[in-house]
>>> print(open('data-v5.csv').read())   # CSV, C-alpha atoms and all ligand atoms
chain,number,residue,atom,x,y,z
A,1,MET,CA,-184.2,96.6,-120.1
A,2,PRO,CA,-181.6,93.9,-119.4
A,3,LEU,CA,-183.1,90.8,-118.1
A,4,PHE,CA,-181.9,89.3,-114.8
A,5,SER,CA,-180.4,85.9,-115.3
A,6,ARG,CA,-177.9,84.1,-113.2
A,7,GLU,CA,-177.5,80.8,-115.1
A,8,LEU,CA,-176.8,81.1,-118.8
A,9,GLY,CA,-176.3,78.7,-121.7
A,10,ILE,CA,-174.1,80.2,-124.3
A,11,ASP,CA,-173.7,78.7,-127.8
A,12,LEU,CA,-170.5,80.1,-129.1
A,13,GLY,CA,-170.7,79.4,-132.8
A,14,THR,CA,-168.4,80.1,-135.7
A,15,LEU,CA,-171.0,82.5,-137.3
A,16,ASN,CA,-173.6,83.0,-134.6
A,17,THR,CA,-173.7,83.2,-130.9
A,18,ILE,CA,-176.9,82.7,-128.8
A,19,VAL,CA,-177.4,83.2,-125.1
A,20,ALA,CA,-180.3,81.5,-123.4
A,21,ASP,CA,-181.6,80.7,-119.9
A,22,THR,CA,-184.1,77.9,-119.2
A,23,ARG,CA,-187.0,80.1,-120.2
A,24,GLN,CA,-186.0,82.1,-123.2
A,25,ILE,CA,-183.5,83.2,-125.7
A,26,LEU,CA,-181.8,86.4,-124.4
A,27,VAL,CA,-179.3,87.3,-127.2
A,28,GLN,CA,-178.8,86.1,-130.8
A,29,GLU,CA,-176.0,87.9,-132.6
A,30,PRO,CA,-173.4,87.2,-135.3
A,31,THR,CA,-170.0,86.1,-133.8
A,32,VAL,CA,-168.3,89.2,-135.2
A,33,VAL,CA,-166.3,91.9,-133.6
A,34,ALA,CA,-165.0,95.2,-134.9
A,35,ILE,CA,-161.7,96.4,-133.3
A,36,VAL,CA,-159.4,99.4,-133.5
A,37,VAL,CA,-156.3,97.6,-134.7
A,38,GLU,CA,-153.7,99.6,-132.8
A,39,GLU,CA,-155.3,99.4,-129.4
A,40,LEU,CA,-157.1,96.1,-129.8
A,41,LYS,CA,-160.2,98.0,-128.6
A,42,MET,CA,-163.6,96.6,-129.4
A,43,VAL,CA,-165.8,99.3,-131.1
A,44,GLU,CA,-168.7,97.2,-132.2
A,45,TRP,CA,-169.9,93.6,-132.1
A,46,GLY,CA,-172.8,91.4,-133.3
A,47,THR,CA,-175.0,92.6,-136.2
A,48,VAL,CA,-173.5,96.1,-136.3
A,49,ALA,CA,-170.0,94.7,-136.6
A,50,ARG,CA,-171.1,92.1,-139.3
A,51,ASP,CA,-172.7,94.9,-141.4
A,52,MET,CA,-169.3,96.7,-141.3
A,53,MET,CA,-167.5,93.7,-142.9
A,54,GLY,CA,-165.6,94.8,-146.0
A,55,ARG,CA,-166.6,98.5,-145.5
A,56,VAL,CA,-164.1,99.8,-142.9
A,57,PRO,CA,-161.0,102.0,-143.1
A,58,GLU,CA,-157.6,100.4,-142.4
A,59,SER,CA,-157.6,101.5,-138.7
A,60,ILE,CA,-160.5,99.1,-138.0
A,61,GLU,CA,-160.6,95.4,-138.5
A,62,VAL,CA,-163.7,93.3,-138.5
A,63,ILE,CA,-163.0,89.8,-137.2
A,64,ARG,CA,-164.7,86.5,-136.7
A,65,PRO,CA,-162.9,85.4,-133.5
A,66,LEU,CA,-163.9,81.7,-134.0
A,67,GLN,CA,-162.8,79.4,-136.7
A,68,ASN,CA,-164.2,76.0,-137.3
A,69,GLY,CA,-166.0,76.3,-134.0
A,70,VAL,CA,-162.9,77.0,-131.9
A,71,ILE,CA,-161.4,80.2,-130.6
A,72,ALA,CA,-158.8,81.7,-133.0
A,73,GLU,CA,-158.6,85.1,-131.3
A,74,TYR,CA,-158.6,84.6,-127.6
A,75,GLU,CA,-158.7,88.2,-126.3
A,76,ILE,CA,-161.4,89.2,-128.7
A,77,THR,CA,-163.5,86.3,-127.8
A,78,GLU,CA,-163.2,87.2,-124.2
A,79,LYS,CA,-164.3,90.8,-124.9
A,80,LEU,CA,-167.3,89.5,-126.9
A,81,LEU,CA,-168.3,87.2,-124.1
A,82,LYS,CA,-168.0,90.0,-121.6
A,83,GLU,CA,-170.4,92.2,-123.7
A,84,LEU,CA,-172.8,89.3,-124.1
A,85,ILE,CA,-172.9,88.7,-120.3
A,86,ARG,CA,-173.2,92.4,-119.6
A,87,LYS,CA,-176.1,92.7,-121.9
A,88,VAL,CA,-178.2,90.1,-120.1
A,89,SER,CA,-177.1,91.0,-116.5
A,90,PRO,CA,-178.3,93.5,-114.0
A,91,PRO,CA,-176.3,96.8,-113.7
A,92,MET,CA,-174.1,95.8,-110.8
A,93,LEU,CA,-172.7,92.6,-112.4
A,94,PHE,CA,-169.9,92.2,-110.0
A,95,LEU,CA,-172.4,91.6,-107.2
A,96,ASN,CA,-174.1,88.8,-109.1
A,97,ARG,CA,-171.9,87.2,-111.6
A,98,PRO,CA,-173.6,84.5,-113.6
A,99,LYS,CA,-172.8,80.8,-113.9
A,100,ILE,CA,-172.4,79.9,-117.6
A,101,MET,CA,-172.5,76.7,-119.7
A,102,LEU,CA,-170.4,77.3,-122.8
A,103,THR,CA,-170.7,75.0,-125.9
A,104,MET,CA,-167.8,73.7,-128.0
A,105,PRO,CA,-167.5,71.3,-130.8
A,106,TYR,CA,-167.0,67.6,-130.2
A,107,GLY,CA,-163.3,66.7,-130.6
A,108,VAL,CA,-161.6,69.9,-129.6
A,109,THR,CA,-158.2,69.6,-127.9
A,110,SER,CA,-157.6,70.2,-124.3
A,111,VAL,CA,-155.8,73.4,-125.1
A,112,GLU,CA,-158.8,74.7,-127.1
A,113,SER,CA,-161.3,73.7,-124.4
A,114,ARG,CA,-159.1,75.4,-121.7
A,115,ALA,CA,-159.2,78.6,-123.8
A,116,VAL,CA,-163.0,78.5,-123.8
A,117,HIS,CA,-163.1,78.0,-120.1
A,118,GLU,CA,-160.7,80.8,-119.4
A,119,ALA,CA,-162.4,83.2,-121.7
A,120,GLY,CA,-165.7,82.5,-119.8
A,121,LEU,CA,-164.0,83.3,-116.5
A,122,GLY,CA,-162.2,86.3,-117.9
A,123,ALA,CA,-165.5,87.6,-119.2
A,124,GLY,CA,-166.9,87.7,-115.7
A,125,ALA,CA,-168.7,84.5,-115.0
A,126,SER,CA,-168.5,83.1,-111.5
A,127,GLU,CA,-168.4,79.5,-112.7
A,128,VAL,CA,-167.9,78.1,-116.2
A,129,TYR,CA,-169.0,74.7,-117.4
A,130,LEU,CA,-168.3,73.2,-120.9
A,131,ILE,CA,-170.5,71.0,-123.0
A,132,HIS,CA,-170.1,69.5,-126.4
A,133,GLN,CA,-172.5,70.9,-128.9
A,134,PRO,CA,-174.2,67.6,-130.0
A,135,LEU,CA,-175.1,66.9,-126.4
A,136,ALA,CA,-176.4,70.4,-125.8
A,137,ALA,CA,-178.4,70.3,-129.0
A,138,ALA,CA,-179.9,66.9,-128.1
A,139,LEU,CA,-181.1,68.3,-124.8
A,140,GLY,CA,-182.4,71.3,-126.6
A,141,VAL,CA,-184.6,69.3,-128.9
A,142,ASP,CA,-185.7,67.0,-126.1
A,143,LEU,CA,-184.2,63.7,-127.4
A,144,PRO,CA,-184.8,61.0,-124.8
A,145,ILE,CA,-181.1,60.7,-124.1
A,146,ASN,CA,-181.4,59.7,-120.5
A,147,THR,CA,-182.2,56.1,-121.5
A,148,PRO,CA,-180.0,53.2,-122.6
A,149,SER,CA,-181.4,53.4,-126.1
A,150,GLY,CA,-179.6,55.2,-129.0
A,151,ASN,CA,-180.3,58.6,-130.4
A,152,MET,CA,-178.6,60.3,-133.3
A,153,ILE,CA,-178.2,64.0,-134.0
A,154,ILE,CA,-176.5,65.9,-136.9
A,155,CYS,CA,-175.4,69.5,-136.2
A,156,LEU,CA,-175.0,71.3,-139.4
A,157,GLY,CA,-173.5,74.7,-138.5
A,158,GLY,CA,-171.5,77.3,-140.3
A,159,GLY,CA,-168.0,76.1,-139.5
A,160,THR,CA,-168.6,72.5,-138.3
A,161,THR,CA,-170.7,69.5,-139.0
A,162,GLN,CA,-171.0,67.2,-136.0
A,163,ALA,CA,-172.7,63.8,-136.0
A,164,ALA,CA,-173.2,62.1,-132.7
A,165,VAL,CA,-174.9,59.0,-131.2
A,166,LEU,CA,-176.1,59.6,-127.6
A,167,ALA,CA,-177.4,57.4,-124.8
A,168,MET,CA,-177.4,57.5,-121.0
A,169,ASN,CA,-177.0,61.2,-121.0
A,170,GLY,CA,-173.7,61.1,-122.9
A,171,ILE,CA,-172.1,60.9,-126.3
A,172,VAL,CA,-171.4,57.3,-127.3
A,173,CYS,CA,-169.5,58.2,-130.5
A,174,ALA,CA,-169.2,61.2,-132.7
A,175,GLU,CA,-167.3,62.9,-135.5
A,176,THR,CA,-166.6,66.5,-136.4
A,177,SER,CA,-165.9,67.8,-139.9
A,178,HIS,CA,-165.0,71.3,-141.0
A,179,THR,CA,-167.3,71.0,-144.0
A,180,ALA,CA,-170.4,73.0,-143.2
A,181,GLY,CA,-172.2,76.2,-144.2
A,182,LEU,CA,-169.1,78.2,-145.1
A,183,LYS,CA,-167.6,75.4,-147.2
A,184,MET,CA,-171.0,75.3,-149.0
A,185,ASP,CA,-170.6,79.0,-149.8
A,186,ASP,CA,-167.1,78.4,-151.1
A,187,ALA,CA,-168.3,75.6,-153.3
A,188,ILE,CA,-171.0,77.8,-154.8
A,189,ALA,CA,-168.4,80.6,-155.4
A,190,ALA,CA,-166.1,78.1,-157.1
A,191,TYR,CA,-168.9,76.8,-159.3
A,192,VAL,CA,-169.9,80.3,-160.5
A,193,ARG,CA,-166.2,81.1,-161.2
A,194,LYS,CA,-165.7,77.9,-163.2
A,195,LYS,CA,-169.0,78.0,-165.2
A,196,TYR,CA,-169.4,81.8,-165.7
A,197,GLY,CA,-165.9,83.1,-165.3
A,198,LEU,CA,-167.3,85.3,-162.5
A,199,ILE,CA,-165.9,86.0,-159.1
A,200,ILE,CA,-168.5,86.4,-156.3
A,201,GLY,CA,-167.9,86.9,-152.6
A,202,GLN,CA,-169.0,84.7,-149.7
A,203,PRO,CA,-172.1,86.8,-148.8
A,204,THR,CA,-173.3,86.5,-152.4
A,205,ALA,CA,-172.7,82.8,-152.5
A,206,GLU,CA,-174.6,82.5,-149.2
A,207,GLN,CA,-177.5,84.5,-150.7
A,208,LEU,CA,-177.7,82.0,-153.6
A,209,LYS,CA,-177.7,79.1,-151.2
A,210,ILE,CA,-180.4,80.5,-148.9
A,211,LYS,CA,-182.7,82.1,-151.5
A,212,ILE,CA,-182.7,79.4,-154.2
A,213,GLY,CA,-180.5,76.6,-153.0
A,214,SER,CA,-181.5,73.0,-152.6
A,215,ALA,CA,-179.7,69.8,-151.5
A,216,ILE,CA,-181.5,67.8,-154.2
A,217,PRO,CA,-181.7,68.6,-157.9
A,218,GLY,CA,-184.9,68.2,-159.9
A,219,GLY,CA,-187.3,69.9,-157.6
A,220,GLU,CA,-189.1,73.2,-158.1
A,221,GLN,CA,-186.8,75.6,-159.9
A,222,GLN,CA,-186.1,79.2,-158.9
A,223,SER,CA,-183.5,81.6,-160.2
A,224,LEU,CA,-181.5,84.5,-158.9
A,225,GLU,CA,-179.4,87.1,-160.6
A,226,VAL,CA,-176.2,88.1,-158.9
A,227,GLN,CA,-173.5,90.6,-159.6
A,228,GLY,CA,-169.9,89.5,-159.8
A,229,GLN,CA,-166.5,90.5,-161.2
A,230,ASP,CA,-165.4,89.2,-164.5
A,231,GLN,CA,-162.3,87.1,-163.8
A,232,VAL,CA,-160.5,88.2,-167.0
A,233,ASN,CA,-161.1,91.9,-167.2
A,234,GLY,CA,-162.2,92.6,-163.6
A,235,LEU,CA,-165.4,94.4,-164.7
A,236,PRO,CA,-168.7,93.9,-163.0
A,237,ARG,CA,-171.1,91.6,-164.7
A,238,PRO,CA,-174.3,89.7,-163.7
A,239,ALA,CA,-175.1,86.0,-163.9
A,240,THR,CA,-178.4,84.2,-163.3
A,241,LEU,CA,-178.2,80.9,-161.4
A,242,THR,CA,-180.9,78.3,-160.9
A,243,THR,CA,-181.8,75.9,-158.1
A,244,ASP,CA,-180.4,72.9,-159.9
A,245,GLU,CA,-177.1,74.7,-160.4
A,246,ILE,CA,-176.8,75.3,-156.7
A,247,ALA,CA,-177.6,71.7,-156.0
A,248,ASP,CA,-174.9,70.7,-158.4
A,249,ALA,CA,-172.4,73.1,-156.7
A,250,LEU,CA,-173.2,71.6,-153.3
A,251,GLU,CA,-172.6,68.0,-154.3
A,252,ASP,CA,-169.1,67.7,-152.8
A,253,PRO,CA,-169.7,69.4,-149.4
A,254,LEU,CA,-172.9,67.4,-149.0
A,255,ASN,CA,-171.0,64.2,-149.8
A,256,GLU,CA,-168.5,65.1,-147.1
A,257,VAL,CA,-171.4,65.6,-144.6
A,258,VAL,CA,-172.7,62.2,-145.5
A,259,ASN,CA,-169.3,60.6,-145.0
A,260,THR,CA,-168.9,62.2,-141.6
A,261,VAL,CA,-172.2,60.7,-140.5
A,262,LYS,CA,-171.3,57.3,-142.0
A,263,ARG,CA,-168.0,57.3,-140.0
A,264,VAL,CA,-170.1,57.6,-136.8
A,265,LEU,CA,-172.5,54.9,-137.9
A,266,GLU,CA,-169.6,52.6,-138.6
A,267,LYS,CA,-168.4,52.7,-135.0
A,268,THR,CA,-171.9,52.7,-133.4
A,269,PRO,CA,-172.7,49.5,-131.5
A,270,PRO,CA,-175.3,47.4,-133.4
A,271,GLU,CA,-177.9,47.6,-130.6
A,272,LEU,CA,-177.9,51.3,-130.8
A,273,ILE,CA,-178.1,51.3,-134.6
A,274,ALA,CA,-181.4,49.5,-134.4
A,275,ASP,CA,-182.8,52.2,-132.1
A,276,ILE,CA,-181.6,54.9,-134.5
A,277,ILE,CA,-183.3,53.3,-137.5
A,278,ASP,CA,-186.5,53.2,-135.5
A,279,ARG,CA,-186.3,56.8,-134.2
A,280,GLY,CA,-184.6,58.6,-137.1
A,281,VAL,CA,-181.9,61.2,-137.0
A,282,ALA,CA,-182.5,64.8,-135.9
A,283,ILE,CA,-180.9,67.5,-138.0
A,284,VAL,CA,-180.2,70.9,-136.4
A,285,GLY,CA,-178.1,74.0,-137.0
A,286,GLY,CA,-178.5,76.8,-139.5
A,287,SER,CA,-177.5,74.6,-142.5
A,288,SER,CA,-180.3,72.2,-141.7
A,289,MET,CA,-182.5,74.9,-143.3
A,290,LEU,CA,-181.1,74.1,-146.7
A,291,ARG,CA,-184.1,73.0,-148.8
A,292,GLY,CA,-184.4,69.3,-149.2
A,293,ILE,CA,-181.6,68.4,-146.7
A,294,ASP,CA,-183.8,66.0,-144.8
A,295,LYS,CA,-184.8,64.1,-147.9
A,296,TYR,CA,-181.2,64.1,-149.1
A,297,LEU,CA,-179.8,62.7,-145.9
A,298,THR,CA,-182.6,60.1,-145.6
A,299,ARG,CA,-181.8,58.8,-149.0
A,300,ALA,CA,-178.0,58.9,-148.6
A,301,LEU,CA,-178.0,57.2,-145.1
A,302,GLY,CA,-181.0,54.9,-145.4
A,303,ILE,CA,-182.2,56.2,-142.1
A,304,PRO,CA,-185.0,58.7,-141.7
A,305,ALA,CA,-183.6,62.2,-141.1
A,306,TYR,CA,-186.0,64.8,-139.7
A,307,LEU,CA,-186.0,68.5,-139.1
A,308,VAL,CA,-186.7,70.1,-135.7
A,309,ASP,CA,-188.7,73.2,-134.7
A,310,ASN,CA,-185.8,75.1,-133.1
A,311,PRO,CA,-182.7,74.3,-135.3
A,312,ILE,CA,-180.9,77.5,-134.6
A,313,THR,CA,-181.6,78.0,-130.9
A,314,CYS,CA,-181.6,74.4,-129.6
A,315,THR,CA,-177.9,74.3,-128.7
A,316,ALA,CA,-178.1,77.3,-126.5
A,317,GLU,CA,-181.4,76.2,-125.0
A,318,GLY,CA,-179.9,72.8,-124.3
A,319,ALA,CA,-176.8,74.3,-122.7
A,320,ALA,CA,-179.0,76.3,-120.3
A,321,LYS,CA,-180.9,73.1,-119.5
A,322,ALA,CA,-177.6,71.3,-119.0
A,323,LEU,CA,-176.5,73.9,-116.4
A,324,ALA,CA,-179.7,73.3,-114.5
A,325,MET,CA,-179.1,69.5,-114.5
A,326,ARG,CA,-175.4,69.5,-114.2
A,327,ALA,CA,-175.4,67.1,-111.3
A,328,VAL,CA,-177.0,64.4,-113.5
A,329,LEU,CA,-174.7,65.2,-116.5
A,330,ARG,CA,-171.6,65.4,-114.3
A,331,ARG,CA,-169.8,62.7,-116.2
A,332,SER,CA,-170.7,63.9,-119.6
A,333,LEU,CA,-169.7,67.6,-119.2
A,334,ALA,CA,-166.4,68.3,-120.9
A,335,SER,CA,-163.6,69.3,-118.6
A,336,SER,CA,-161.2,72.0,-119.5
A,401,LIG,N1,-182.1,78.8,-145.3
A,401,LIG,C1,-180.9,78.4,-145.3
A,401,LIG,N2,-180.4,77.5,-146.2
A,401,LIG,C2,-179.1,77.0,-146.1
A,401,LIG,N3,-178.2,77.4,-145.2
A,401,LIG,C3,-178.6,78.3,-144.3
A,401,LIG,C4,-180.0,78.8,-144.2
A,401,LIG,N4,-180.1,79.7,-143.2
A,401,LIG,C5,-178.8,79.7,-142.6
A,401,LIG,N5,-178.0,78.9,-143.2
A,401,LIG,C6,-176.6,78.7,-142.9
A,401,LIG,O1,-176.4,78.3,-141.6
A,401,LIG,C7,-175.1,78.6,-141.2
A,401,LIG,C8,-175.0,79.1,-139.8
A,401,LIG,O2,-175.5,78.2,-139.0
A,401,LIG,P1,-175.3,78.3,-137.4
A,401,LIG,O3,-175.8,79.6,-136.9
A,401,LIG,O4,-175.9,77.0,-136.8
A,401,LIG,O5,-173.7,78.2,-137.3
A,401,LIG,P2,-172.8,78.4,-136.1
A,401,LIG,O6,-173.4,77.8,-134.9
A,401,LIG,O7,-172.3,79.8,-135.9
A,401,LIG,O8,-171.5,77.5,-136.5
A,401,LIG,P3,-170.8,76.2,-135.9
A,401,LIG,O9,-171.8,75.6,-135.0
A,401,LIG,O10,-170.4,75.4,-137.0
A,401,LIG,O11,-169.6,76.8,-135.1
A,401,LIG,C9,-174.5,79.6,-142.2
A,401,LIG,O12,-173.5,79.0,-143.1
A,401,LIG,C10,-175.8,79.9,-143.1
A,401,LIG,O13,-175.5,80.2,-144.4
A,402,MG,MG,-173.4,75.9,-133.9
>>> encode(input="data-v5.csv", output="structure tokens")
Amino acid sequence: MPLFSRELGIDLGTLNTIVADTRQILVQEPTVVAIVVEELKMVEWGTVARDMMGRVPESIEVIRPLQNGVIAEYEITEKLLKELIRKVSPPMLFLNRPKIMLTMPYGVTSVESRAVHEAGLGAGASEVYLIHQPLAAALGVDLPINTPSGNMIICLGGGTTQAAVLAMNGIVCAETSHTAGLKMDDAIAAYVRKKYGLIIGQPTAEQLKIKIGSAIPGGEQQSLEVQGQDQVNGLPRPATLTTDEIADALEDPLNEVVNTVKRVLEKTPPELIADIIDRGVAIVGGSSMLRGIDKYLTRALGIPAYLVDNPITCTAEGAAKALAMRAVLRRSLASS
């Protein structure tokens, strides 16, 4: 039974999209759409579409309409948003169109943010507001950002890493990098190719990362056998990888994450740095579930980095909260 909600927070992510209101999570689906190529007609979306990836005839294309956190396929994103809104709305949607707060990465261009705004309106929302993801995430994990003292958050997603310092209900300084979960998968695939002469796809690399991966070497060791394709003769062949090998493979992307955070710290006013050292840095997003990432960042930054209870859903929850308190946040909400 669809739930009635008129104010929705929508975290439109490169890999996953989550819809929430101020009480609960309403939808959580991969940001994937299957379309009939000729008519540009959407046939499936979400989990069903993701499971079709790499398994469809030529007439159908399975697409991730967002890249690096921004809309790459406008019409398809609008169709996806329309389905999401329809799914959580009462049957006669046109009588009661929702207000929505859509998230977008920090640092997007005005053209990119306008596209998000227009996609929201085109999808049937009566009013569309935009919020940068680090601000939404900070609200979603209840950081005390309504005070003059400094708070820091690192959003480790699939397509973006965003580090931000917040105070007085707004972002003081922030940086976005495109090195995140997907680049970690690429780094694992490149490692397996170089060391074992074996080609593996992104889903297999991701499995290695999630099942046995770690940010720091030298901890408890696990291993996993994966199937790949020999790069010389093209034949299938297995290889067994260990936790330390994955940590080794992740060294470069994790270094880039640290550099992104350091660039933010460099431009943070000293008074706020003192607060951040006291309070620590919250890590959120799907990639914050990489084993040992909190220890790794604590060591690399010299500031305690800590995990949160709702790393995946906090951005959508925060967006819904922001919609309810939009008068207070007025100056901090991104314009389109
Ligand atoms: N246990 C885990 N260990 C490591 N990585 C994980 C784990 N679970 C999920 N991930 C990674 O989290 C990423 C997805 O995170 P998330 O859903 O926050 O991204 P997103 O919001 O869609 O992307 P973005 O915010 O960058 O646009 C994927 O790259 C996935 O592999
Ligand atoms: Mg995200």
>>> residues_around(input="data-v5.csv", residues="stretch 211-215 of chain A", least_positions_apart="3", cutoff="9 Å", atoms="only C-alpha atoms", output="PyMOL selection string")
chain A and resi 206-208+219+221-224+241-248+250-251+254+290-296
>>> residues_near_ligand(input="data-v5.csv", ligand="ligand LIG 401 (chain A)", cutoff="8 Å", atoms="all atoms listed in the file", output="number ranges by chain")
A: 11-17, 30-31, 66-70, 104-105, 133, 155-161, 178, 180-182, 184-185, 206-207, 209-211, 213-214, 284-291, 311-312
>>> residues_around(input="data-v5.csv", residues="stretch 137-145 of chain A", least_positions_apart="6", cutoff="9 Å", atoms="only C-alpha atoms", output="list in words")
Asn151, Met152, Ile153, Cys155, Leu166, Ala167, Met168, Asn169, Gly170, Ala282, Val284, Gly285, Val308, Asp309, Asn310, Pro311, Thr313, Cys314, Thr315, Ala316, Glu317, Gly318, Ala319, Ala320, Lys321 and Ala322 of chain A
>>> closest_residue(input="data-v5.csv", among="A:Ile63, A:Leu95, A:Met325, A:Leu102", to="ligand MG 402 (chain A)", atoms="all atoms listed in the file")
A:Leu102
>>> residues_around(input="data-v5.csv", residues="A:His132", least_positions_apart="2", cutoff="7 Å", atoms="only C-alpha atoms", output="short mmCIF file (atom, residue, chain, number, x, y, z; two decimals) with C-alpha atoms, keeping the file's coordinate frame")
data_model
loop_
_atom_site.label_atom_id
_atom_site.label_comp_id
_atom_site.auth_asym_id
_atom_site.auth_seq_id
_atom_site.Cartn_x
_atom_site.Cartn_y
_atom_site.Cartn_z
CA THR A 103 -170.70 75.00 -125.90
CA MET A 104 -167.80 73.70 -128.00
CA PRO A 105 -167.50 71.30 -130.80
CA TYR A 106 -167.00 67.60 -130.20
CA LEU A 130 -168.30 73.20 -120.90
CA PRO A 134 -174.20 67.60 -130.00
CA LEU A 135 -175.10 66.90 -126.40
CA ALA A 136 -176.40 70.40 -125.80
CA ALA A 334 -166.40 68.30 -120.90
#
>>> atom_distance(input="data-v5.csv", atom1="atom CA of A:Lys183", atom2="atom CA of A:Thr77")
22.6 Å
>>> closest_residue(input="data-v5.csv", among="A:Val43, A:Ile76, A:Val258, A:Val62", to="A:Arg299", atoms="all atoms listed in the file")
A:Val258
>>> closest_residue(input="data-v5.csv", among="A:Thr268, A:Asn96, A:Thr176, A:Thr22", to="A:Ala163", atoms="all atoms listed in the file")
A:Thr176
>>> atom_distance(input="data-v5.csv", atom1="atom CA of A:Gly197", atom2="atom CA of A:Gln227")
12.1 Å
>>> closest_residue(input="data-v5.csv", among="A:Val56, A:Thr240, A:Ile283, A:His117", to="ligand MG 402 (chain A)", atoms="only C-alpha atoms and all ligand atoms")
A:Ile283
>>> atom_distance(input="data-v5.csv", atom1="atom CA of A:Ile10", atom2="atom CA of A:Val32")
15.3 Å
>>> closest_residue(input="data-v5.csv", among="A:Val232, A:Ile171, A:Ala164, A:Ile18", to="ligand MG 402 (chain A)", atoms="all atoms listed in the file")
A:Ile18
>>> closest_residue(input="data-v5.csv", among="A:Tyr191, A:Arg6, A:Glu112, A:Ala249", to="A:Pro90", atoms="all atoms listed in the file")
A:Arg6
>>> residues_around(input="data-v5.csv", residues="A:Gly234", least_positions_apart="5", cutoff="10 Å", atoms="all atoms listed in the file", output="JSON, numbers by chain")
{"A": [198, 199, 228, 229]}
>>> build_atoms(input="data-v5.csv", residues="stretch 245-260 of chain A", atoms="N, CA and C atoms", output="CSV table (one decimal), in the frame of the given file")
chain,number,residue,atom,x,y,z
A,245,GLU,N,-178.5,74.3,-160.4
A,245,GLU,CA,-177.1,74.7,-160.4
A,245,GLU,C,-176.5,74.7,-159.0
A,246,ILE,N,-177.3,75.3,-158.1
A,246,ILE,CA,-176.8,75.3,-156.7
A,246,ILE,C,-176.7,73.9,-156.1
A,247,ALA,N,-177.7,73.1,-156.4
A,247,ALA,CA,-177.6,71.7,-156.0
A,247,ALA,C,-176.4,71.0,-156.5
A,248,ASP,N,-176.1,71.3,-157.8
A,248,ASP,CA,-174.9,70.7,-158.4
A,248,ASP,C,-173.6,71.2,-157.7
A,249,ALA,N,-173.6,72.5,-157.4
A,249,ALA,CA,-172.4,73.1,-156.7
A,249,ALA,C,-172.2,72.5,-155.3
A,250,LEU,N,-173.3,72.1,-154.7
A,250,LEU,CA,-173.2,71.6,-153.3
A,250,LEU,C,-172.9,70.1,-153.2
A,251,GLU,N,-172.8,69.5,-154.3
A,251,GLU,CA,-172.6,68.0,-154.3
A,251,GLU,C,-171.4,67.6,-153.4
A,252,ASP,N,-170.3,68.2,-153.6
A,252,ASP,CA,-169.1,67.7,-152.8
A,252,ASP,C,-169.2,68.0,-151.3
A,253,PRO,N,-169.5,69.2,-150.9
A,253,PRO,CA,-169.7,69.4,-149.4
A,253,PRO,C,-170.7,68.5,-148.8
A,254,LEU,N,-171.8,68.3,-149.5
A,254,LEU,CA,-172.9,67.4,-149.0
A,254,LEU,C,-172.4,66.0,-148.9
A,255,ASN,N,-171.6,65.6,-149.8
A,255,ASN,CA,-171.0,64.2,-149.8
A,255,ASN,C,-170.2,64.1,-148.5
A,256,GLU,N,-169.4,65.1,-148.2
A,256,GLU,CA,-168.5,65.1,-147.1
A,256,GLU,C,-169.4,65.0,-145.8
A,257,VAL,N,-170.5,65.7,-145.8
A,257,VAL,CA,-171.4,65.6,-144.6
A,257,VAL,C,-171.9,64.2,-144.4
A,258,VAL,N,-172.3,63.6,-145.5
A,258,VAL,CA,-172.7,62.2,-145.5
A,258,VAL,C,-171.6,61.2,-145.0
A,259,ASN,N,-170.4,61.5,-145.5
A,259,ASN,CA,-169.3,60.6,-145.0
A,259,ASN,C,-169.0,60.8,-143.5
A,260,THR,N,-169.1,62.0,-143.0
A,260,THR,CA,-168.9,62.2,-141.6
A,260,THR,C,-169.9,61.4,-140.8
